[in-house]
Each structure stands twice: as structure tokens, then as C-alpha cells.
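The structure file coords.cif is reproduced below (mmCIF, C-alpha atoms).
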data_my_file
loop_
_atom_site.label_atom_id
_atom_site.label_comp_id
_atom_site.auth_asym_id
_atom_site.auth_seq_id
_atom_site.Cartn_x
_atom_site.Cartn_y
_atom_site.Cartn_z
CA MET Z 28 0.00 0.00 0.00
CA PHE Z 29 2.83 2.39 0.80
CA GLU Z 30 4.42 1.75 -2.59
CA THR Z 31 1.07 2.43 -4.27
CA LEU Z 32 0.64 5.73 -2.45
CA LYS Z 33 4.23 6.66 -3.18
CA LYS Z 34 3.74 6.06 -6.91
CA LEU Z 35 0.45 7.91 -7.02
CA PHE Z 36 1.67 11.00 -5.22
CA THR Z 37 5.05 11.34 -6.93
CA PRO Z 38 5.10 14.77 -8.64
CA ALA Z 39 3.63 14.46 -12.11
CA GLN Z 40 5.53 15.21 -15.28
CA ALA Z 41 3.66 17.80 -17.34
CA LEU Z 42 2.84 16.80 -20.89
CA GLU Z 43 1.62 19.14 -23.60
CA PRO Z 44 -1.75 18.21 -25.18
CA SER Z 45 0.02 17.05 -28.35
CA GLU Z 46 2.26 14.79 -26.25
CA VAL Z 47 -0.77 13.31 -24.49
CA ARG Z 48 -2.42 12.68 -27.86
CA ASP Z 49 0.74 10.94 -29.06
CA PHE Z 50 0.81 8.85 -25.91
CA LEU Z 51 -2.83 7.82 -26.28
CA ASP Z 52 -2.32 7.02 -29.98
CA LYS Z 53 0.76 4.91 -29.36
CA HIS Z 54 -0.43 2.96 -26.32
CA LYS Z 55 -3.08 0.27 -26.40
CA THR Z 56 -6.27 1.04 -24.46
CA GLY Z 57 -6.17 -0.59 -21.07
CA THR Z 58 -2.41 -0.21 -20.64
CA TYR Z 59 -2.70 3.24 -19.04
CA THR Z 60 -5.18 5.16 -16.90
CA LEU Z 61 -6.55 8.47 -18.08
CA LEU Z 62 -7.74 10.10 -14.87
CA ASP Z 63 -10.21 12.98 -14.63
CA VAL Z 64 -10.10 14.54 -11.15
CA ARG Z 65 -12.76 17.18 -11.72
CA GLN Z 66 -16.32 17.19 -10.49
CA PRO Z 67 -19.08 14.99 -12.04
CA SER Z 68 -20.82 18.01 -13.57
CA GLU Z 69 -17.60 18.99 -15.35
CA TYR Z 70 -17.05 15.42 -16.55
CA LYS Z 71 -20.64 15.31 -17.82
CA ARG Z 72 -20.15 18.49 -19.85
CA GLU Z 73 -17.07 17.11 -21.59
CA HIS Z 74 -14.28 14.68 -20.91
CA ILE Z 75 -11.49 13.02 -22.82
CA PRO Z 76 -12.94 9.73 -24.10
CA GLY Z 77 -12.01 6.80 -21.91
CA ALA Z 78 -11.20 8.91 -18.84
CA THR Z 79 -11.91 7.48 -15.39
CA LEU Z 80 -13.56 10.00 -13.08
CA ILE Z 81 -12.31 10.21 -9.50
CA PRO Z 82 -12.92 13.72 -8.13
CA LEU Z 83 -9.88 15.06 -6.32
CA PRO Z 84 -11.44 15.05 -2.82
CA GLN Z 85 -12.16 11.33 -3.22
CA LEU Z 86 -8.81 10.34 -4.67
CA GLY Z 87 -7.29 9.32 -1.37
CA ASP Z 88 -10.12 6.89 -0.61
CA ALA Z 89 -10.31 5.54 -4.17
CA PHE Z 90 -6.61 4.99 -4.83
CA ASP Z 91 -7.10 1.20 -4.83
CA GLN Z 92 -9.11 1.62 -8.05
CA LEU Z 93 -5.91 2.67 -9.80
CA ASN Z 94 -3.38 0.13 -10.95
CA PRO Z 95 0.04 1.45 -9.86
CA GLU Z 96 1.72 -0.57 -12.61
CA LYS Z 97 -0.06 1.44 -15.30
CA PRO Z 98 1.03 4.97 -16.21
CA VAL Z 99 -1.52 7.57 -15.18
CA ILE Z 100 -2.31 10.71 -17.14
CA VAL Z 101 -4.29 13.08 -14.98
CA TYR Z 102 -6.22 16.24 -15.83
CA MET Y 7 2.46 9.91 -13.42
CA TYR Y 8 1.74 12.55 -16.05
CA ASN Y 9 -0.28 15.72 -15.95
CA LEU Y 10 -2.03 17.21 -19.00
CA SER Y 11 -0.64 20.71 -19.15
CA GLY Y 12 -3.48 23.23 -19.33
CA GLY Y 13 -6.08 20.62 -18.43
CA ILE Y 14 -9.01 19.78 -20.67
CA LYS Y 15 -9.32 23.42 -21.72
CA ALA Y 16 -6.05 23.00 -23.60
CA TRP Y 17 -7.17 19.71 -25.16
CA GLU Y 18 -7.65 19.92 -28.92
CA GLY Y 19 -8.78 16.38 -29.58
CA GLN Y 20 -12.23 14.87 -29.51
CA VAL Y 21 -14.24 15.02 -26.30
CA ALA Y 22 -17.05 12.81 -25.09
CA GLU Y 23 -19.99 14.04 -23.08
CA GLY Y 24 -22.47 12.63 -20.61
CA PRO Y 25 -22.32 11.40 -17.04
CA VAL Y 26 -20.34 8.39 -15.88
CA GLU Y 27 -23.57 6.35 -15.70
CA LEU Y 28 -24.63 7.02 -19.31
CA ASN Y 29 -25.70 3.72 -20.93
CA MET Y 30 -24.00 1.69 -18.22
CA ASP Y 31 -27.31 -0.16 -17.80
CA MET Y 32 -26.39 -1.97 -21.03
CA VAL Y 33 -23.95 -4.15 -19.08
CA ARG Y 34 -24.39 -6.15 -15.88
CA GLY Y 35 -20.72 -6.50 -15.05
CA ASP Y 36 -20.50 -10.29 -15.24
CA GLU Y 37 -20.57 -10.62 -19.03
CA THR Y 38 -18.45 -13.24 -20.71
CA PRO Y 39 -16.16 -12.28 -23.59
CA VAL Y 40 -18.66 -13.65 -26.12
CA GLU Y 41 -21.51 -11.68 -24.55
CA VAL Y 42 -19.41 -8.53 -24.84
CA ILE Y 43 -18.74 -9.28 -28.51
CA ARG Y 44 -22.47 -9.80 -29.06
CA LEU Y 45 -23.21 -6.43 -27.46
CA ALA Y 46 -20.59 -4.60 -29.52
CA TYR Y 47 -21.78 -6.37 -32.68
CA GLY Y 48 -25.30 -5.11 -32.08
CA MET Y 49 -24.07 -1.58 -31.64
CA GLU Y 50 -21.87 -1.68 -34.77
CA HIS Y 51 -24.79 -3.15 -36.71
CA SER Y 52 -27.10 -0.34 -35.63
CA LEU Y 53 -24.64 2.31 -36.73
CA GLY Y 54 -24.16 0.59 -40.07
CA GLU Y 55 -27.93 0.51 -40.53
CA PHE Y 56 -28.14 4.20 -39.66
CA TYR Y 57 -25.54 5.06 -42.32
CA LYS Y 58 -27.42 2.92 -44.87
CA ALA Y 59 -30.75 4.57 -44.04
CA ALA Y 60 -29.17 8.02 -44.20
CA LYS Y 61 -27.60 7.19 -47.58
CA SER Y 62 -31.00 6.29 -49.01
CA THR Y 63 -32.26 9.80 -48.25
CA ALA Y 64 -29.08 11.72 -49.13
CA GLY Y 65 -29.59 14.22 -51.94
CA ASP Y 66 -25.90 14.91 -52.48
CA THR Y 67 -23.96 12.16 -54.32
CA GLU Y 68 -20.71 12.95 -52.49
CA VAL Y 69 -22.47 12.69 -49.12
CA ALA Y 70 -24.12 9.45 -50.24
CA GLY Y 71 -20.69 8.13 -51.22
CA LEU Y 72 -19.23 8.92 -47.82
CA LEU Y 73 -22.21 7.33 -46.07
CA ALA Y 74 -21.64 4.17 -48.12
CA THR Y 75 -17.97 4.19 -47.04
CA LEU Y 76 -18.92 4.70 -43.38
CA SER Y 77 -21.40 1.82 -43.61
CA ASP Y 78 -18.65 -0.39 -45.09
CA VAL Y 79 -16.34 0.47 -42.19
CA GLU Y 80 -18.98 -0.71 -39.74
CA ASN Y 81 -19.20 -3.97 -41.69
CA LYS Y 82 -15.43 -4.31 -41.29
CA HIS Y 83 -15.82 -3.75 -37.54
CA LYS Y 84 -18.45 -6.50 -37.50
CA ALA Y 85 -16.12 -8.82 -39.41
CA TYR Y 86 -13.39 -8.09 -36.86
CA LEU Y 87 -15.77 -8.96 -34.03
CA ILE Y 88 -16.73 -12.23 -35.72
CA GLU Y 89 -13.05 -13.22 -35.98
CA LEU Y 90 -12.43 -12.19 -32.39
CA GLY Y 91 -15.46 -14.21 -31.31
CA LYS Y 92 -14.26 -17.26 -33.26
CA SER Y 93 -10.84 -17.04 -31.62
CA ILE Y 94 -12.53 -17.23 -28.20
CA ASP Y 95 -15.44 -19.58 -28.95
CA PRO Y 96 -14.87 -21.20 -32.37
CA LEU Y 97 -17.99 -23.39 -32.30
CA GLY Y 98 -20.34 -20.84 -30.74
CA THR Y 99 -19.59 -17.86 -32.93
CA SER Y 100 -20.57 -17.27 -36.53
CA ALA Y 101 -21.72 -14.37 -38.67
CA GLU Y 102 -25.15 -15.99 -39.02
CA LYS Y 103 -25.55 -16.43 -35.29
CA LEU Y 104 -24.57 -12.86 -34.52
CA GLU Y 105 -26.79 -11.44 -37.28
CA THR Y 106 -29.84 -13.30 -36.00
CA GLU Y 107 -29.13 -12.21 -32.43
CA VAL Y 108 -28.89 -8.57 -33.37
CA ALA Y 109 -32.02 -6.81 -32.20
CA SER Y 110 -30.52 -3.65 -30.92
CA THR Y 111 -31.78 -0.27 -31.96
CA THR Y 112 -29.13 1.43 -29.93
CA LEU Y 113 -26.44 3.06 -32.01
CA GLU Y 114 -22.81 2.52 -31.22
CA GLY Y 115 -22.55 5.68 -29.18
CA GLY Y 116 -25.57 4.71 -27.11
CA PHE Y 117 -28.25 6.53 -29.15
CA ASP Y 118 -31.58 5.27 -30.44
CA SER Y 119 -31.04 4.93 -34.20
CA ALA Y 120 -34.43 6.12 -35.52
CA GLU Y 121 -34.56 9.08 -33.17
CA PHE Y 122 -30.92 9.86 -33.95
CA LEU Y 123 -31.54 9.93 -37.70
CA GLN Y 124 -34.45 12.30 -37.24
CA ARG Y 125 -32.53 14.57 -34.89
CA ASN Y 126 -29.44 14.80 -37.07
CA GLU Y 127 -30.85 15.13 -40.56
CA LYS Y 128 -29.16 18.52 -40.90
CA PHE Y 129 -25.73 16.86 -40.69
CA MET Y 130 -26.47 14.83 -43.79
CA LYS Y 131 -26.22 17.85 -46.06
CA SER Y 132 -22.46 18.34 -46.24
CA ILE Y 133 -19.32 16.21 -45.98
CA PRO Y 134 -17.74 18.22 -43.11
CA ASP Y 135 -20.96 18.08 -41.07
CA LEU Y 136 -21.35 14.36 -41.70
CA LEU Y 137 -17.73 13.75 -40.68
CA ASP Y 138 -18.26 15.79 -37.51
CA LEU Y 139 -21.32 13.71 -36.67
CA SER Y 140 -19.54 10.45 -37.37
CA MET Y 141 -16.58 11.51 -35.21
CA MET Y 142 -18.95 12.42 -32.40
CA VAL Y 143 -20.61 9.02 -32.51
CA GLU Y 144 -17.29 7.15 -32.69
CA THR Y 145 -15.94 9.22 -29.78
CA GLN Y 146 -18.96 8.36 -27.66
CA ALA Y 147 -18.50 4.70 -28.64
CA LEU Y 148 -14.83 4.71 -27.63
CA ASP Y 149 -15.75 6.28 -24.31
CA LEU Y 150 -18.57 3.80 -23.74
CA TYR Y 151 -16.43 0.74 -24.46
CA VAL Y 152 -13.80 1.89 -21.95
CA ARG Y 153 -16.47 2.62 -19.33
CA PHE Y 154 -17.93 -0.84 -19.93
CA ALA Y 155 -14.46 -2.32 -19.37
CA GLY Y 156 -14.31 -0.53 -16.02
CA LYS Y 157 -17.50 -2.30 -14.88
CA ILE Y 158 -16.95 -5.75 -16.36
CA GLU Y 159 -15.19 -8.20 -14.05
CA ASN Y 160 -14.01 -10.89 -16.49
CA ASP Y 161 -10.48 -10.00 -17.55
CA GLN Y 162 -10.75 -11.57 -21.01
CA ALA Y 163 -14.01 -9.64 -21.58
CA LYS Y 164 -12.22 -6.45 -20.51
CA GLN Y 165 -9.47 -7.14 -23.02
CA VAL Y 166 -12.09 -7.63 -25.76
CA LEU Y 167 -13.48 -4.19 -24.96
CA TYR Y 168 -10.02 -2.64 -24.98
CA LYS Y 169 -9.37 -4.18 -28.41
CA ILE Y 170 -12.66 -2.80 -29.73
CA ALA Y 171 -11.81 0.61 -28.24
CA ASP Y 172 -8.50 0.50 -30.13
CA GLU Y 173 -10.41 -0.21 -33.36
CA GLU Y 174 -12.50 2.89 -32.64
CA LYS Y 175 -9.33 4.93 -32.03
CA GLY Y 176 -8.06 3.91 -35.46
CA HIS Y 177 -11.39 4.72 -37.06
CA LEU Y 178 -11.45 8.12 -35.36
CA ALA Y 179 -7.94 8.90 -36.54
CA ALA Y 180 -8.95 8.09 -40.13
CA LEU Y 181 -12.06 10.26 -39.85
CA GLY Y 182 -9.95 13.05 -38.37
CA GLU Y 183 -7.64 12.99 -41.38
CA LEU Y 184 -10.61 13.12 -43.73
CA ARG Y 185 -12.07 16.02 -41.74
CA ASN Y 186 -8.78 17.95 -41.69
CA ALA Y 187 -8.58 17.63 -45.45
CA ARG Y 188 -11.95 19.41 -45.59
CA ALA Y 189 -11.14 22.18 -43.10
#
This structure in C-alpha cells:
Amino acid sequence: MFETLKKLFTPAQALEPSEVRDFLDKHKTGTYTLLDVRQPSEYKREHIPGATLIPLPQLGDAFDQLNPEKPVIVY
Amino acid sequence: MYNLSGGIKAWEGQVAEGPVELNMDMVRGDETPVEVIRLAYGMEHSLGEFYKAAKSTAGDTEVAGLLATLSDVENKHKAYLIELGKSIDPLGTSAEKLETEVASTTLEGGFDSAEFLQRNEKFMKSIPDLLDLSMMVETQALDLYVRFAGKIENDQAKQVLYKIADEEKGHLAALGELRNARA
């Protein structure tokens, strides 16, 4: 559990939108997690297709939903 | 861990819409891989039928041509699903079986096909509009398949959904290139 938390809260590397698009194009679906940490109303309005919604206040409780072996792209 | 610089406001790609629960009642969570293929086949079939129906009413020959191409692509998706199904359950899967089981009126992106055709008639008048509509539907489909995978417990069924989502990604990329050529 500690290793999971450590991986999840390591400072994120910023990627430009074009770099994220490249990443998503080059990696098979299911091999990464695209994480939306906004509120449900914001997700409903628009979200990047395939994003998993875990609002930021709930992230600590829901961390076990994330696979620490998969790269995470968060927005 | 990576962070999308600028957040979704900086995102220039396709976006999906709707709540997390949208169309999630289409899956129970305990589907087998073959049941997932059957579901996806029904959705691809409905979209193909929509394109065929739209083509029959298209006044513009170029638009009609594109609709025929889009319908063909859905047939290719169906053929892919048949092969995937045969690789998992060789004796239980066939084109005939899947065709007879198809009873879905729900389009690939989770829309009712007849209502969708009526609502989006205006998009049938020009190639750019039709491409925009098609990209919207394929984007919703991609999103839906990944959300299904999040609910479904069977790992092989999840992998089937991820494979189908990758097919949609490829289709979207091709549509995007067509659309950019018309910008």
C-alpha cells in the first residue's frame, strides 16, 4: 500500500496536449489510466474519451481503483 | 504519473460528453467475452444501418458516397468482431448467429437509431458536417467501451473491450484525417 501511495503521489511530469495525444495514440487502451479529477458536472459536460472519473477530494479513498503498474495521465 | 498541461481546456482532440452512468445499464458486469462481442456487434450493426438509411435519403452524391464508405467500415468492424469471437469460442460464434441475435436499436454511441436519424438530418447535407457527426458518434462509442471495461469483471471480456476501443481509435484517426482535409 505504501508503494502504491508513493507512486500515485510522486510529482507528475507535465505533458503538452500534443504529447498526451501521441501517448494515447501509441499505447493500447487498457495499458494506461486516463484520470479525470474534476467534479461529475464537469465530466458530464465534456471529458477526454475513456477517462476514469475520481474527483480530487475522493482520490485518497479511491486509490485502490488505480493500478500502480499502469502509467496515469491526470487532468 | 503525467499531468495534462493546461487541463481539458487545452485539449484539442475529440471530447465525449455525458455522465459516468450514461448507458451503463447496457452491461451487468459479469458478461463473458462472447456476450461482450455480441453487445458490440449489435451496436456496430445499428450504426451501419443508420448510415445505410441516411444514404438512401441523401440528396448529395458525395455525401451518399461517404455514407456508403462509413457503412462499409462498420461492416469491417463486424467482421473483426466475428473473428475475435471465433478465436474465443470457435464453435459458438458465426456471422449468421450474430446477425440473428442482433435486435438492438441502440447506435454505437448509445443513441436510439431512428430518433438519432431524425434529430441529425441537418448533418447529412455536407461532408464536413457528416464527418463531424460520425466523429462524435465514434468518440462516444470509444468512451462507452472503456467505461464498460471498467464495470466488467471478467479479464478476457475487458481485453475484448479494450481491443474494440483500439479499433475505434483507429477509425477516429482516419475520420480526423478526412475532416482535416476538408477544413
Pull the closest atom pair for each residue of chain Z that gets at most 6 Å from chain Y, along with the distance in Å to one decimal, counting all atoms listed in the file, ordering rows by chain and then ascending residue number, as a tab-separated table.
residue	atom	partner	partner_atom	distance
Z:Ala39	CA	Y:Tyr8	CA	4.8
Z:Gln40	CA	Y:Tyr8	CA	4.7
Z:Ala41	CA	Y:Asn9	CA	4.7
Z:Leu42	CA	Y:Leu10	CA	5.2
Z:Glu43	CA	Y:Ser11	CA	5.2
Z:Pro44	CA	Y:Trp17	CA	5.6
Z:Thr56	CA	Y:Tyr168	CA	5.3
Z:Gly57	CA	Y:Tyr168	CA	5.9
Z:Lys71	CA	Y:Gly24	CA	4.3
Z:Arg72	CA	Y:Glu23	CA	5.5
Z:Glu73	CA	Y:Glu23	CA	4.5
Z:His74	CA	Y:Ala22	CA	5.4
Z:Ile75	CA	Y:Val21	CA	4.9
Z:Pro76	CA	Y:Asp149	CA	4.5
Z:Gly77	CA	Y:Asp149	CA	4.5
Z:Pro98	CA	Y:Met7	CA	5.9
Z:Val99	CA	Y:Met7	CA	4.9
Z:Ile100	CA	Y:Tyr8	CA	4.6
Z:Val101	CA	Y:Asn9	CA	4.9
Z:Tyr102	CA	Y:Gly13	CA	5.1
**Complete:** Of Y:Asp31, Y:Leu72, Y:Gly91, Y:Asn126, the one nearest to Lys103 in chain Y when counting all atoms listed in the file is Y:Gly91
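Distances from Z:Leu51, Z:Ile81, Z:Leu93, Z:Leu86 to Pro67 in chain Z were compared using only C-alpha atoms, and the smallest one belongs to Z:Ile81.
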**Prompt:** Quick one: residues within 12 Å of Asp135 in chain Y, only C-alpha atoms counted, chain neighbours fewer than 6 positions away excluded, as a PyMOL selection string?
**Reply:** chain Y and resi 69+72-73+126-129+141-142+181+184-185+188-189
Once you have the residues from the selection above, write them out as a CSV table (one decimal), in the coordinates of the input, restricted to C-alpha atoms.
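This is the output file part21.csv:
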chain,number,residue,atom,x,y,z
Y,69,VAL,CA,-22.5,12.7,-49.1
Y,72,LEU,CA,-19.2,8.9,-47.8
Y,73,LEU,CA,-22.2,7.3,-46.1
Y,126,ASN,CA,-29.4,14.8,-37.1
Y,127,GLU,CA,-30.8,15.1,-40.6
Y,128,LYS,CA,-29.2,18.5,-40.9
Y,129,PHE,CA,-25.7,16.9,-40.7
Y,141,MET,CA,-16.6,11.5,-35.2
Y,142,MET,CA,-19.0,12.4,-32.4
Y,181,LEU,CA,-12.1,10.3,-39.8
Y,184,LEU,CA,-10.6,13.1,-43.7
Y,185,ARG,CA,-12.1,16.0,-41.7
Y,188,ARG,CA,-12.0,19.4,-45.6
Y,189,ALA,CA,-11.1,22.2,-43.1
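Taking CA of Gly35 in chain Y and CA of Asp161 in chain Y as endpoints, the distance between them is 11.1 Å.
Note that CA of Leu83 in chain Z and CA of Glu69 in chain Z are 12.5 Å apart.
Taking CA of Asp138 in chain Y as the reference point, CA of Lys58 in chain Y is found at 17.4 Å.
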